[in-house]
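Since the structure comes first, as structure tokens, the remarks are kept for the end.
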Amino acid sequence: MNRQTTLKIKGAALLLFSILMLTPMVSLGLNLTAIERRWYPPNGAPSVKMWGFVEDIGYCNASQTPWAPGPALTGVVDGTLSITLRNCLSEPISLIVPGLESTLTPQTFVDSKGRTRVRAFTKEVPVDNGITRVTYTWKNLRAGTYLYQSGSHPAKQVHMGLYGALTVGRHNKATNHTILLFSEIDPALHANAEAATPLNYKPKYYLINGQSAEPAFSPPQTFGGRSEQTLHLRFLNAGLTTHVPTLQGPYMQIFAEDGNPYPYPKEQYSVLLPAGKTIDALWSPETDKLYPLYDRRLSMTTNGSAGGGMVQNLNVLKYFPWVLFTPAITHNLE
Amino acid sequence: MKRELKTTMHCLFSAALFLFFLAGNSQAGIDGITGTTFALTVKTGRVNTPDGASLLLWGYANGNDPAQYPGPTLIVNQGETITITLSNELTVTGTGPAPNVSMVFPGHQATSSLSNPGVPGILANEARPGDSVTYTFTATHPGTYLYYSGTDPALQVEMGLLGAIIVRPSDGNNYAYNHPDTQFDREYLFLLSEMDPRIHEVVELDGAEGLAATDYLSNPFPVVWFINGRNAPDTLDQPGTGSLPNQPYNSAPLVHPGERLLMRVIGGGKDLHPFHHHGNHARIIARDGRLLESIPGAGPDLSHEVYTIQSVPGETVDAIFQWTGKGLNWDIYGTPEAGPQFVHDCTDGDADDYDDTTYEYCPDHGKKFPVVLPDNLDLAFGGFYSGSPYFGNLGSLPPGEGGLNPFGGYAFMWHSHTEKELTNFDIFPGGLMTMLVIVPQGAPIP
């Protein structure tokens with residue numbers, strides 16, 4: 001891909017986004033694989049079977065890298081994004097991005113009573129050991145933060161771990177951005193994933209960017225930008241319950257929701273983040289230090305015990321080695 | 001307006017509300033402690049709920065006072081540097097040690113002092129058992145805030161470690177923020193929270209380590225819901241009542257027609273509690289202690305009206321509520337057909353549609369009460385019914401009926417719109433609920 005960029009500011013009546021544009025109009029092509037992985041709780045409890053999106057390496061690979069949310073994907077404002085998906089799982093899967101424009105072709109099946117019912121929002125990748133690949137395309141990408149996730153039996157497959165963050169553009173006042181992806185795990189639904197139902201959903205683990213803090217230990221650190229600069233915070237909730245990310249430090253300027261800019265930003269120290277929601281905010285820390293970020297619904301528990309869970313420290317450093325703190329989700333541009 | 005208010009005095013005052021109206025000034029507005037230096041202590045107490053339960057409390061106390069739920073409301077002034085020394089006198093059962101405790105102050109940039117720094121924790125420095133920690137912050141911005149434990153908050157907030165902070169603006173004590181549009185006549189606090197008694201029982205019997213064998217912390221199932229640390233009907237009892245030694249604050253809002261009532265609504269627990277205020281819409285002017293304004297100094301130009309305040313855990317909302325009876329389409333002060341005592345004028349000298357003194361809505365003046373009331377023999381009565389549909393009027397009631405409404409006011413239920421939360425452990429009514437009473441001009445409000 002041509003990485004040469006020119007900076008072009010795009011203004012629009014109410015849009016607070018200004019946009020890094022690649023010229024000419026670009027089309028990004030990415031390759032993902034959906035595959036079984038395991039997630040390792042912080043307290044030594046048994047690992048949990050997960051389904052995850054990983055970068056495609058051309059075949060179904062049996063390596064045991066731990067599960068994490070899918071790689072962070074970057075789209076280009078007004079551009080086109082194509083993702084080609086390989087399926088290494090035991091049931092058909094698909095890929096959707098709520099909030100972005102795509103041509104959907106819902107898939108149906110006939111149930112035991114002869115009724116035709118919808119199974120997937122769009123075309124699926126069949127179960128064939130990863131031989132068949134299907135390409136999904138989104139056009140006219142809008143600036144914002146989005147979840148990409150399975151569109152097949154999403155009540156189960158998304159909870160199994162088939163989700164990740166897609167970012168398009170960046171606020172022009174921000175010099176960096178950080179993705180903060182909230183989700184939960186109920187291990188009871190994962191042991192026999194094919195038969196799982198979220199009816200009795202009772203999560204035991206609470207994650208930010210795929211990590212649960214460990215009780216009695218310092219929370220994981222996340223890239224928090226640089227002091228005296230502005231950071232674009234991207235909150236996403238891939239879980240099934242509401243969370244309230246609360247940032248202990250200067251107020252945030254919340255400026256967009258589900259990729260839609262507000263007419264005026266909201267000045268708050270916390271964010272109401274229901275399931276499936278994305279929120280964009282600006283944040284300008286003044287000093288170099290660790291700023292705790294936690295869920296004020298107090299999902300700060302680990303397998304029933306107090307402590308751990310949804311808490312991380314945003315690490316703000318004015319000078320090097322700030323680049324050494326890698327965001328929990330790696331960047332993936334083909 | 002010529003109507004005589006003395007009709008309102010004709011009643012037999014029954015005990016509860018009579019005392020409520022006439023007791024000392026400790027009931028005024030928002031109870032709390034003022035100053036710039038506070039000494040708080042964490043200790044145990046009991047939370048009494050109307051279903052008869054008594055739950056173990058870990059509460060903040062004002063110095064040597066009893067632990068309380070919620071903790072003392074700290075009322076401070078904008079610009080002041082606030083110093084809080086927190087002492088840990090918590091005792092626990094079970095094999096584990098008493099935990100560290102702490103305070104966080106969302107919206108404020110708090111630090112622990114160099115002279116008494118406590119020990120580092122995840123969200124804040126902490127006080128070890130028998131020890132203390134001192135925090136300082138500058139109250140840079142006026143508004144409504146909260147504090148709570150930053151130590152294992154999933155457990156310690158549940159156990160009761162939370163409280164409110166009010167920062168008075170430099171414009172004056174009857175302003176919420178530094179803008180004329182935030183002026184108010186009365187203010188009330190609505191600190192909303194919930195408890196899961198299972199957690200309190202395990203902690204009381206086995207200590208906090210007993211929770212590891214349960215999923216109570218990761219999947220709490222609250223069954224009692226609170227305003228200012230009390231469940232209905234205790235919300236309406238007097239503040240500081242001896243039957244609730246660790247729950248000193250009540251929630252009994254009173255207002256005259258036309259007055260601006262500032263609602264300070266705080267989400268103190270883990271759950272959202274949509275706070276539904278009957279009577280009229282309220283205008284939300286601020287969230288998290290910041291005016292809803294387009295640019296600094298604009299005033300609450302982004303304010304908007306709601307009838308259910310979305311109360312989010314850890315967030316605060318300020319809203320202005322007013323009630324005049326506008327829109328009822330009948331004269332709440334009565335018409336001559338109902339009797340000579342109801343003859344009155346509606347004088348609107350300033351052309352705002354309201355009587356200049358009583359805030360009667362003049363377009364409805366003289367409009368008859370729209371229904372014929374059934375005979376008393378065909379009615380069931382509630383304690384808030386004055387015996388008359390007319391505002392400020394008292395009618396005859398069968399012996400033993402009424403009595404909670406000595407001034408002939410109108411009562412409106414203010415409650416969680418998650419109606420499940422109108423219960424005390426499955427007993428209706430109760431829970432996160434109180435009554436706003438609109439009382440006539442001249443009726444005393446503490």
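Each chain in the structure tokens gets a letter, A, B, ..., in the order shown, and its residues are numbered from 1; ligands are numbered from 1 in order too.
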
Please, which residues in chain B fall within 8 Å of chain A when counting only C-alpha atoms, and what is the closest atom pair and distance in Å to one decimal for each, ordered by chain then residue number, as a tab-separated table?
residue	atom	partner	partner_atom	distance
B:Pro106	CA	A:Gln248	CA	6.5
B:Gly107	CA	A:Tyr269	CA	6.2
B:His108	CA	A:Gly249	CA	7.6
B:Gln109	CA	A:Gly249	CA	6.3
B:Ile122	CA	A:Ser218	CA	6.5
B:Leu123	CA	A:Pro292	CA	6.2
B:Asp152	CA	A:Gly307	CA	5.4
B:Pro153	CA	A:Leu298	CA	6.5
B:Ala154	CA	A:Leu298	CA	4.9
B:Leu155	CA	A:Ala306	CA	6.3
B:Leu211	CA	A:Ser305	CA	6.6
B:Ala212	CA	A:Ser305	CA	5.0
B:Ala213	CA	A:Gly304	CA	7.5
B:Thr214	CA	A:Gly304	CA	6.2
B:Asp215	CA	A:Gly304	CA	4.5
B:Tyr216	CA	A:Gly304	CA	6.6
B:Leu217	CA	A:Gly304	CA	5.5
B:Ser218	CA	A:Gly304	CA	5.0
B:Asn219	CA	A:Lys202	CA	6.4
B:Gly269	CA	A:Arg297	CA	7.5
B:Lys270	CA	A:Arg297	CA	4.3
B:Asp271	CA	A:Arg297	CA	6.4
B:Arg287	CA	A:Gln268	CA	7.1
B:Asp288	CA	A:Gln268	CA	5.7
B:Arg290	CA	A:Glu267	CA	6.7
B:Leu292	CA	A:Lys266	CA	7.5
B:Ser294	CA	A:Tyr264	CA	6.2
B:Val312	CA	A:Leu272	CA	7.1
B:Pro313	CA	A:Arg296	CA	6.0
B:Gly314	CA	A:Arg296	CA	6.0
B:Glu315	CA	A:Ser270	CA	7.2

Put those residues in a file: C-alpha atoms, as a PDB file, in the first residue's frame.
ATOM      1  CA  PRO B 106     -13.849  12.391  40.581  1.00  0.00           C
ATOM      2  CA  GLY B 107     -13.681  15.783  38.949  1.00  0.00           C
ATOM      3  CA  HIS B 108     -10.997  17.029  41.300  1.00  0.00           C
ATOM      4  CA  GLN B 109      -7.253  16.667  40.992  1.00  0.00           C
ATOM      5  CA  ILE B 122      -4.591   1.262  42.624  1.00  0.00           C
ATOM      6  CA  LEU B 123      -6.736   4.402  42.402  1.00  0.00           C
ATOM      7  CA  ASP B 152     -11.455  -2.527  45.976  1.00  0.00           C
ATOM      8  CA  PRO B 153     -14.396  -0.281  45.147  1.00  0.00           C
ATOM      9  CA  ALA B 154     -16.506  -3.199  43.906  1.00  0.00           C
ATOM     10  CA  LEU B 155     -16.611  -4.284  47.559  1.00  0.00           C
ATOM     11  CA  LEU B 211     -16.854 -13.736  48.884  1.00  0.00           C
ATOM     12  CA  ALA B 212     -14.271 -15.628  46.848  1.00  0.00           C
ATOM     13  CA  ALA B 213     -16.525 -18.681  46.981  1.00  0.00           C
ATOM     14  CA  THR B 214     -19.403 -16.695  45.440  1.00  0.00           C
ATOM     15  CA  ASP B 215     -20.028 -14.667  42.307  1.00  0.00           C
ATOM     16  CA  TYR B 216     -21.754 -11.935  44.310  1.00  0.00           C
ATOM     17  CA  LEU B 217     -19.159  -9.273  43.536  1.00  0.00           C
ATOM     18  CA  SER B 218     -18.951  -9.956  39.811  1.00  0.00           C
ATOM     19  CA  ASN B 219     -22.724 -10.404  39.494  1.00  0.00           C
ATOM     20  CA  GLY B 269     -23.869   2.798  43.256  1.00  0.00           C
ATOM     21  CA  LYS B 270     -23.026   0.401  40.447  1.00  0.00           C
ATOM     22  CA  ASP B 271     -26.297   0.575  38.558  1.00  0.00           C
ATOM     23  CA  ARG B 287     -23.339  16.973  34.384  1.00  0.00           C
ATOM     24  CA  ASP B 288     -20.223  15.938  36.322  1.00  0.00           C
ATOM     25  CA  ARG B 290     -19.747  21.193  34.423  1.00  0.00           C
ATOM     26  CA  LEU B 292     -23.929  22.306  29.711  1.00  0.00           C
ATOM     27  CA  SER B 294     -21.497  25.800  24.225  1.00  0.00           C
ATOM     28  CA  VAL B 312     -25.135   7.115  35.718  1.00  0.00           C
ATOM     29  CA  PRO B 313     -22.865   5.444  38.279  1.00  0.00           C
ATOM     30  CA  GLY B 314     -20.213   7.900  39.405  1.00  0.00           C
ATOM     31  CA  GLU B 315     -21.745  10.823  37.530  1.00  0.00           C
TER      32      GLU B 315
END

Surrounding residues of Thr434 (chain B) excluding itself and chain neighbours under 4 positions, 7 Å, only C-alpha atoms, as an MDAnalysis selection string: chainID B and resid 232 235:236 251:252 413:415

Separation of CA of Asp355 (chain B) from CA of Lys367 (chain B) in Å: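 Value for the CA of Lys367 (chain B)-CA of Asp355 (chain B) distance: 15.2 Å.
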
Atomic distance CA of Asn64 (chain B) - CA of Tyr148 (chain B), expressed in Å with one decimal: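 If I compute the distance from CA of Asn64 (chain B) to CA of Tyr148 (chain B), I get 19.2 Å.
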
Proximity to Asn88 (chain B) - best of B:Ile266, B:Ala61, B:Val76, B:Leu114, only C-alpha atoms: B:Ala61

Which of B:Gln341, B:Thr44, B:Thr357, B:Thr95 sits closest to Leu394 (chain B) [using only C-alpha atoms]: B:Gln341

Top pick for closest residue to Thr134 (chain B), considering B:Tyr390, B:Tyr359, B:Phe105, B:Phe38 and counting only C-alpha atoms: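 Of all the options, B:Phe38 lies closest to Thr134 (chain B).
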
DSSP strand (DSSP E) residues within region 146-228 of chain A, as a list in words: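 Matching residues for strand (DSSP E) in region 146-228 of chain A are Tyr146, Leu147, Tyr148, Gln149, Tyr163, Gly164, Ala165, Leu166, Thr167, Val168, Asn176, His177, Thr178, Ile179, Leu180, Leu181, Phe182, Ser183, Glu184, Ile185, Tyr205, Tyr206, Leu207, Ile208, Gln221, Thr222 and Phe223 of chain A.
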
From B:Gly383, B:Gly334, B:Gly299, B:Pro340, residue lying nearest Asn178 (chain B) [only C-alpha atoms]: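 Nearest to Asn178 (chain B): B:Gly299.
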
All residues 8 Å or closer to Leu81 (chain A), only C-alpha atoms, same chain fewer than 5 positions away omitted, as an MDAnalysis selection string: chainID A and resid 27:30 75:76 137:139 141

Spatial neighbours of Tyr163 (chain A), 7 Å, only C-alpha atoms, chain gap at least 6 places, as a list in words: Pro69, Gly70, Leu147, Tyr148, Gln149, Ser150 and Ala238 of chain A

Within 6 Å of Thr230 (chain A) using only C-alpha atoms, minus same-chain residues under 2 positions, as a PDB file with C-alpha atoms, in the first residue's frame:
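Just written: around_15.pdb:
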ATOM      1  CA  ALA A 174      -5.063  15.039  18.606  1.00  0.00           C
ATOM      2  CA  THR A 175      -1.499  13.948  18.111  1.00  0.00           C
ATOM      3  CA  TRP A 283      -8.094  14.363  26.563  1.00  0.00           C
ATOM      4  CA  SER A 284      -5.165  16.629  27.398  1.00  0.00           C
TER       5      SER A 284
END
